[in-house]
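Below is structure_5.csv, holding CSV, C-alpha atoms and all ligand atoms.
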```csv
chain,number,residue,atom,x,y,z
I,11,MET,CA,0.0,0.0,0.0
I,12,LEU,CA,2.8,2.4,0.9
I,13,GLU,CA,4.8,1.0,-2.0
I,14,LYS,CA,2.8,2.9,-4.5
I,15,ASP,CA,4.5,6.2,-3.4
I,16,ILE,CA,8.0,4.8,-3.8
I,17,GLN,CA,9.9,5.5,-7.0
I,18,GLU,CA,12.8,3.2,-6.4
I,19,VAL,CA,14.1,1.0,-3.5
I,20,LEU,CA,17.6,2.1,-2.6
I,21,PHE,CA,18.3,-0.4,0.1
I,22,SER,CA,16.3,-3.5,0.8
I,23,GLN,CA,15.5,-4.9,4.2
I,24,GLN,CA,18.2,-7.5,3.7
I,25,GLN,CA,20.9,-5.0,2.6
I,26,LEU,CA,20.1,-2.8,5.6
I,27,GLU,CA,20.4,-5.8,8.0
I,28,GLU,CA,23.7,-6.8,6.6
I,29,ARG,CA,25.2,-3.3,6.7
I,30,VAL,CA,23.9,-2.5,10.1
I,31,SER,CA,25.4,-5.6,11.6
I,32,GLN,CA,28.8,-4.9,9.9
I,33,ILE,CA,28.9,-1.4,11.4
I,34,ALA,CA,28.0,-2.8,14.8
I,35,GLN,CA,30.9,-5.3,14.5
I,36,GLU,CA,33.3,-2.4,13.7
I,37,ILE,CA,32.0,-0.5,16.7
I,38,THR,CA,32.4,-3.5,18.9
I,39,ARG,CA,36.0,-4.0,17.8
I,40,ASP,CA,36.9,-0.3,18.1
I,41,TYR,CA,35.6,0.2,21.6
I,42,ALA,CA,36.7,-3.2,23.0
I,43,GLY,CA,37.2,-3.0,26.7
I,44,GLN,CA,35.2,0.2,27.0
I,45,GLU,CA,31.7,1.2,27.9
I,46,ILE,CA,29.8,3.5,25.6
I,47,VAL,CA,26.7,5.8,25.6
I,48,LEU,CA,24.6,5.5,22.4
I,49,ILE,CA,22.8,8.7,21.7
I,50,SER,CA,19.9,8.5,19.2
I,51,VAL,CA,18.9,11.7,17.5
I,52,LEU,CA,15.1,11.5,17.3
I,53,ARG,CA,13.0,10.8,15.5
I,54,GLY,CA,14.6,9.5,12.3
I,55,SER,CA,17.2,7.3,13.9
I,56,PHE,CA,15.0,5.2,16.1
I,57,VAL,CA,14.8,2.2,13.8
I,58,PHE,CA,18.5,2.3,13.0
I,59,MET,CA,19.4,2.6,16.7
I,60,ALA,CA,17.1,-0.3,17.6
I,61,ASP,CA,18.8,-2.6,15.1
I,62,LEU,CA,22.3,-1.3,15.6
I,63,CYS,CA,22.4,-1.6,19.4
I,64,ARG,CA,21.3,-5.2,19.3
I,65,HIS,CA,24.4,-6.1,17.3
I,66,ILE,CA,26.8,-4.2,19.5
I,67,ASP,CA,28.5,-6.6,22.0
I,68,LEU,CA,29.7,-4.0,24.5
I,69,PRO,CA,28.4,-2.7,27.8
I,70,CYS,CA,26.4,0.4,26.8
I,71,THR,CA,23.6,2.7,27.9
I,72,ILE,CA,21.2,4.4,25.5
I,73,ASP,CA,19.9,8.0,25.6
I,74,PHE,CA,17.8,10.1,23.3
I,75,MET,CA,17.8,13.6,22.1
I,76,SER,CA,15.5,15.5,19.9
I,77,VAL,CA,16.3,18.6,17.8
I,78,SER,CA,14.5,20.7,15.3
I,79,SER,CA,16.2,22.6,12.6
I,80,TYR,CA,14.5,25.7,11.2
I,81,GLY,CA,14.8,26.2,7.5
I,82,LYS,CA,12.9,27.0,4.4
I,83,GLY,CA,11.3,24.0,2.7
I,84,THR,CA,13.4,20.8,2.9
I,85,SER,CA,16.8,22.1,4.0
I,86,SER,CA,17.9,22.9,7.5
I,87,THR,CA,19.7,26.1,8.6
I,88,GLY,CA,22.3,26.6,11.3
I,89,GLN,CA,19.7,27.4,13.8
I,90,VAL,CA,19.0,24.3,15.8
I,91,GLN,CA,16.7,24.0,18.8
I,92,ILE,CA,16.9,21.2,21.3
I,93,THR,CA,13.3,20.0,21.9
I,94,LYS,CA,14.4,17.1,24.2
I,95,ASP,CA,17.7,16.9,26.0
I,96,LEU,CA,19.6,13.8,27.1
I,97,SER,CA,18.4,12.3,30.4
I,98,GLY,CA,21.9,11.5,31.6
I,99,ASP,CA,25.2,13.2,32.2
I,100,ILE,CA,27.8,12.4,29.5
I,101,SER,CA,30.9,13.9,31.1
I,102,GLY,CA,33.9,11.5,31.1
I,103,LYS,CA,32.0,9.0,28.9
I,104,HIS,CA,32.5,7.6,25.5
I,105,ILE,CA,29.7,8.9,23.3
I,106,LEU,CA,28.5,7.6,20.0
I,107,VAL,CA,25.9,9.8,18.3
I,108,VAL,CA,23.6,7.7,16.1
I,109,GLU,CA,21.9,9.6,13.2
I,110,ASP,CA,19.7,8.5,10.3
I,111,ILE,CA,21.1,10.9,7.7
I,112,LEU,CA,23.8,13.5,7.3
I,113,ASP,CA,22.7,16.1,4.8
I,114,SER,CA,23.9,19.7,5.0
I,115,GLY,CA,25.6,19.0,8.3
I,116,ASN,CA,23.9,22.0,9.9
I,117,THR,CA,22.2,19.9,12.6
I,118,LEU,CA,25.0,17.7,13.4
I,119,SER,CA,27.8,20.3,13.5
I,120,TYR,CA,25.7,22.2,16.0
I,121,LEU,CA,24.8,19.1,18.0
I,122,LEU,CA,28.3,17.8,18.2
I,123,LYS,CA,29.7,21.1,19.4
I,124,LEU,CA,27.1,21.3,22.1
I,125,LEU,CA,27.8,17.8,23.3
I,126,GLU,CA,31.6,18.4,23.3
I,127,GLN,CA,31.0,21.3,25.8
I,128,ARG,CA,29.8,18.7,28.2
I,129,LYS,CA,33.3,17.1,28.3
I,130,PRO,CA,32.7,13.5,27.2
I,131,ALA,CA,35.9,11.3,27.2
I,132,SER,CA,35.3,10.9,23.4
I,133,ILE,CA,32.7,11.6,20.8
I,134,ARG,CA,32.1,9.9,17.5
I,135,LEU,CA,29.4,10.0,14.9
I,136,CYS,CA,27.6,7.0,13.3
I,137,THR,CA,25.2,7.8,10.5
I,138,LEU,CA,23.3,5.3,8.4
I,139,LEU,CA,23.2,7.5,5.3
I,140,ASP,CA,25.4,10.3,4.1
I,141,LYS,CA,24.5,12.8,1.3
I,142,PRO,CA,27.8,14.5,0.8
I,143,ASP,CA,26.7,16.5,-2.2
I,144,ARG,CA,24.6,18.7,0.0
I,145,ARG,CA,27.2,19.4,2.7
I,146,VAL,CA,27.4,23.0,3.8
I,147,LYS,CA,29.2,22.5,7.2
I,148,PRO,CA,32.0,19.9,7.5
I,149,VAL,CA,31.3,17.1,9.9
I,150,GLU,CA,33.6,14.3,10.8
I,151,VAL,CA,31.9,10.9,10.3
I,152,HIS,CA,33.4,7.8,11.9
I,153,TYR,CA,30.9,5.2,10.9
I,154,SER,CA,28.7,5.5,7.8
I,155,GLY,CA,26.3,2.9,6.4
I,156,PHE,CA,25.8,4.1,2.8
I,157,THR,CA,26.6,7.2,0.7
I,158,ILE,CA,23.6,8.3,-1.3
I,159,PRO,CA,22.9,10.8,-4.1
I,160,ASP,CA,20.9,13.9,-3.6
I,161,ALA,CA,17.4,12.5,-3.5
I,162,PHE,CA,14.7,12.6,-0.8
I,163,VAL,CA,14.6,9.2,0.8
I,164,VAL,CA,12.1,7.7,3.3
I,165,GLY,CA,11.7,4.5,5.2
I,166,TYR,CA,13.6,2.7,8.0
I,167,GLY,CA,12.8,5.6,10.3
I,168,LEU,CA,13.1,8.4,7.8
I,169,ASP,CA,9.9,10.3,7.1
I,170,TYR,CA,8.1,12.6,4.8
I,171,ALA,CA,5.7,14.7,6.8
I,172,GLU,CA,6.0,12.1,9.6
I,173,HIS,CA,4.9,9.3,7.3
I,174,TYR,CA,6.7,6.3,5.8
I,175,ARG,CA,8.9,5.8,8.9
I,176,ASN,CA,7.6,2.2,9.2
I,177,LEU,CA,8.7,1.1,5.7
I,178,PRO,CA,11.2,-1.8,6.3
I,179,TYR,CA,13.4,-0.6,3.4
I,180,ILE,CA,14.8,2.8,2.2
I,181,GLY,CA,13.4,4.2,-1.0
I,182,ILE,CA,13.2,7.4,-3.0
I,183,LEU,CA,9.8,9.0,-2.7
I,184,LYS,CA,8.0,9.8,-5.9
I,185,PRO,CA,8.2,13.6,-6.5
I,186,GLU,CA,4.5,13.8,-7.1
I,187,VAL,CA,3.9,12.8,-3.5
I,188,TYR,CA,5.5,16.0,-2.2
I,189,GLY,CA,4.4,18.1,-5.2
I,190,GLY,CA,7.9,18.1,-6.8
L,201,LIG,P1,21.2,18.5,8.0
L,201,LIG,O1,20.8,19.2,6.7
L,201,LIG,O2,21.2,19.5,9.1
L,201,LIG,O3,19.9,17.7,8.3
L,201,LIG,O4,22.4,17.6,7.9
L,201,LIG,C1,19.8,16.4,8.6
L,201,LIG,C2,18.4,16.1,8.9
L,201,LIG,O5,17.6,16.4,7.8
L,201,LIG,C3,16.6,15.4,7.5
L,201,LIG,N1,16.8,14.9,6.2
L,201,LIG,C4,16.1,14.0,5.6
L,201,LIG,N2,15.0,13.3,6.0
L,201,LIG,N3,14.9,12.1,4.0
L,201,LIG,C5,14.4,12.3,5.2
L,201,LIG,O6,13.4,11.7,5.6
L,201,LIG,C6,15.9,12.7,3.5
L,201,LIG,O7,16.3,12.5,2.3
L,201,LIG,C7,16.5,13.7,4.3
L,201,LIG,N4,17.6,14.5,4.1
L,201,LIG,C8,17.7,15.2,5.3
L,201,LIG,C9,16.8,14.4,8.6
L,201,LIG,O8,15.9,14.7,9.6
L,201,LIG,C10,18.2,14.6,9.1
L,201,LIG,O9,18.3,14.3,10.5
L,202,MG,MG,16.8,13.3,11.7
```
Transcribe the structure of this file into structure tokens.
Ligand code: XMP
Ligand code: MG
Amino acid sequence: MLEKDIQEVLFSQQQLEERVSQIAQEITRDYAGQEIVLISVLRGSFVFMADLCRHIDLPCTIDFMSVSSYGKGTSSTGQVQITKDLSGDISGKHILVVEDILDSGNTLSYLLKLLEQRKPASIRLCTLLDKPDRRVKPVEVHYSGFTIPDAFVVGYGLDYAEHYRNLPYIGILKPEVYGG
């Protein structure tokens, strides 16, 4: 039923499962002997986080943060507002920020700077998707699932107008759906 709005499937459920488990194995290796705090940036990363954390074989805690970027149309600006802050203190801890997609970099460059001020022991970024063509602010990425072209994608947590988050795969939305 939702499929009728999808122009092309970019990553199938199986491809996502395989890649997410590979990233989790990398994380498990890199942080061996340490405890980490996984920070999910809501809402887009909730599905990725749920799958990723179940493949990470390390002691870890999980926290959530919600931000909204104000911008015209589909792009964010440098102005970011925290709509839900973390529940726990991150000072002295190893932080891994888990995002669905890195686009202009506006949101994450702001967020990472803010988290750094709280003096974590280390901070790294894990993003499922990276759209480098649209980058405005440089952001250092430590773990990236897939690099994608400049198209609007939905599914696996990613939305258009809060819909399609429940699609088990990632696809490009038909432009007629958003009046493009
Ligand atoms: P910036 O541009 O600050 O923003 O890096 C990243 C946020 O923008 C959203 N975003 C998307 N959401 N499909 C989506 O569903 C996309 O293709 C897309 N590109 C950017 C997303 O919320 C991300 O956190
Ligand atoms: Mg997001």
At a cut-off of 7 Å, can you tabulate as JSON lines every residue of chain I near ligand MG 202 (chain L) together with its closest atom pair and the distance in Å to one decimal, using all atoms listed in the file and ordering rows by chain then number?
```
{"residue": "I:Val51", "atom": "CA", "partner": "L:MG202", "partner_atom": "MG", "distance": 6.4}
{"residue": "I:Leu52", "atom": "CA", "partner": "L:MG202", "partner_atom": "MG", "distance": 6.1}
{"residue": "I:Arg53", "atom": "CA", "partner": "L:MG202", "partner_atom": "MG", "distance": 5.9}
{"residue": "I:Gly54", "atom": "CA", "partner": "L:MG202", "partner_atom": "MG", "distance": 4.4}
{"residue": "I:Ser55", "atom": "CA", "partner": "L:MG202", "partner_atom": "MG", "distance": 6.4}
{"residue": "I:Glu109", "atom": "CA", "partner": "L:MG202", "partner_atom": "MG", "distance": 6.5}
{"residue": "I:Asp110", "atom": "CA", "partner": "L:MG202", "partner_atom": "MG", "distance": 5.8}
{"residue": "I:Ile111", "atom": "CA", "partner": "L:MG202", "partner_atom": "MG", "distance": 6.3}
```
Subject >> Among the residues I:Leu177, I:Leu183, I:Leu26, I:Leu168, the one that comes closest to ligand LIG 201 (chain L) [using all atoms listed in the file] >> reply: I:Leu168
Around ligand LIG 201 (chain L), out to 7 Å and counting all atoms listed in the file, which residues are there? I want them as a PDB file with C-alpha atoms, keeping the file's coordinate frame.
```
ATOM      1  CA  GLY I  54      14.600   9.500  12.300  1.00  0.00           C
ATOM      2  CA  SER I  79      16.200  22.600  12.600  1.00  0.00           C
ATOM      3  CA  SER I  85      16.800  22.100   4.000  1.00  0.00           C
ATOM      4  CA  SER I  86      17.900  22.900   7.500  1.00  0.00           C
ATOM      5  CA  THR I  87      19.700  26.100   8.600  1.00  0.00           C
ATOM      6  CA  GLU I 109      21.900   9.600  13.200  1.00  0.00           C
ATOM      7  CA  ASP I 110      19.700   8.500  10.300  1.00  0.00           C
ATOM      8  CA  ILE I 111      21.100  10.900   7.700  1.00  0.00           C
ATOM      9  CA  LEU I 112      23.800  13.500   7.300  1.00  0.00           C
ATOM     10  CA  ASP I 113      22.700  16.100   4.800  1.00  0.00           C
ATOM     11  CA  SER I 114      23.900  19.700   5.000  1.00  0.00           C
ATOM     12  CA  GLY I 115      25.600  19.000   8.300  1.00  0.00           C
ATOM     13  CA  ASN I 116      23.900  22.000   9.900  1.00  0.00           C
ATOM     14  CA  THR I 117      22.200  19.900  12.600  1.00  0.00           C
ATOM     15  CA  LEU I 118      25.000  17.700  13.400  1.00  0.00           C
ATOM     16  CA  ALA I 161      17.400  12.500  -3.500  1.00  0.00           C
ATOM     17  CA  PHE I 162      14.700  12.600  -0.800  1.00  0.00           C
ATOM     18  CA  VAL I 163      14.600   9.200   0.800  1.00  0.00           C
ATOM     19  CA  VAL I 164      12.100   7.700   3.300  1.00  0.00           C
ATOM     20  CA  LEU I 168      13.100   8.400   7.800  1.00  0.00           C
ATOM     21  CA  ASP I 169       9.900  10.300   7.100  1.00  0.00           C
ATOM     22  CA  TYR I 170       8.100  12.600   4.800  1.00  0.00           C
TER      23      TYR I 170
END
```
**OP:** Name all residues at most 7 Å from segment 34-48 of chain I (count all atoms listed in the file; drop same-chain ones fewer than 2 positions away) and give them as an MDAnalysis selection string.
**Re:** chainID I and resid 30:32 50 62 65:73 103:108
Subject >> One-decimal distance in Å that lies between atom CA of Asp143 of chain I and atom CA of Glu27 of chain I >> reply: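 A separation of 25.3 Å between them.
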Subject >> Among the residues I:Tyr188, I:Tyr153, I:Phe21, I:Tyr120, the one that comes closest to Val77 of chain I [using all atoms listed in the file] >> reply: I:Tyr120
Original post:
When you draw a straight line from atom CA of Glu172 of chain I to atom CA of Thr157 of chain I, how long is it in Å?
Top reply: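 Atom CA of Thr157 of chain I lies 23.0 Å from atom CA of Glu172 of chain I.
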Subject >> Of the listed residues I:Ile158, I:Val151, I:Ile182, I:Leu138, that which approaches Ile33 of chain I most closely, counting all atoms listed in the file >> reply: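 Using all atoms listed in the file, the shortest distance to Ile33 of chain I belongs to I:Leu138.
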Original post:
Looking at I:Gly190, I:Ile49, I:Tyr166, I:Val57, which one is nearest to Leu125 of chain I, with distances taken over only C-alpha atoms?
Top reply: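 Of all the options, I:Ile49 lies closest to Leu125 of chain I.
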Original post:
Any idea what the distance is between atom CA of Met75 of chain I and atom CA of Asp61 of chain I?
Top reply: 17.7 Å
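Look at Phe156 of chain I: the protein and nucleic acid residues within 9 Å of it, using only C-alpha atoms and passing over chain neighbours fewer than 5 places away, are Arg29, Thr137, Leu138, Leu139, Asp140 and Lys141 of chain I.
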Subject >> I:Gly98, I:Gly181, I:Pro159, I:Pro148 ranked by distance to Glu13 of chain I, top pick (using only C-alpha atoms) >> reply: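 Smallest separation from Glu13 of chain I among the options: I:Gly181.
When all atoms listed in the file are used to compute distances to Glu28 of chain I, the closest of the residues I:Thr93, I:Ser119, I:Arg145, I:Gly155 turns out to be I:Gly155.
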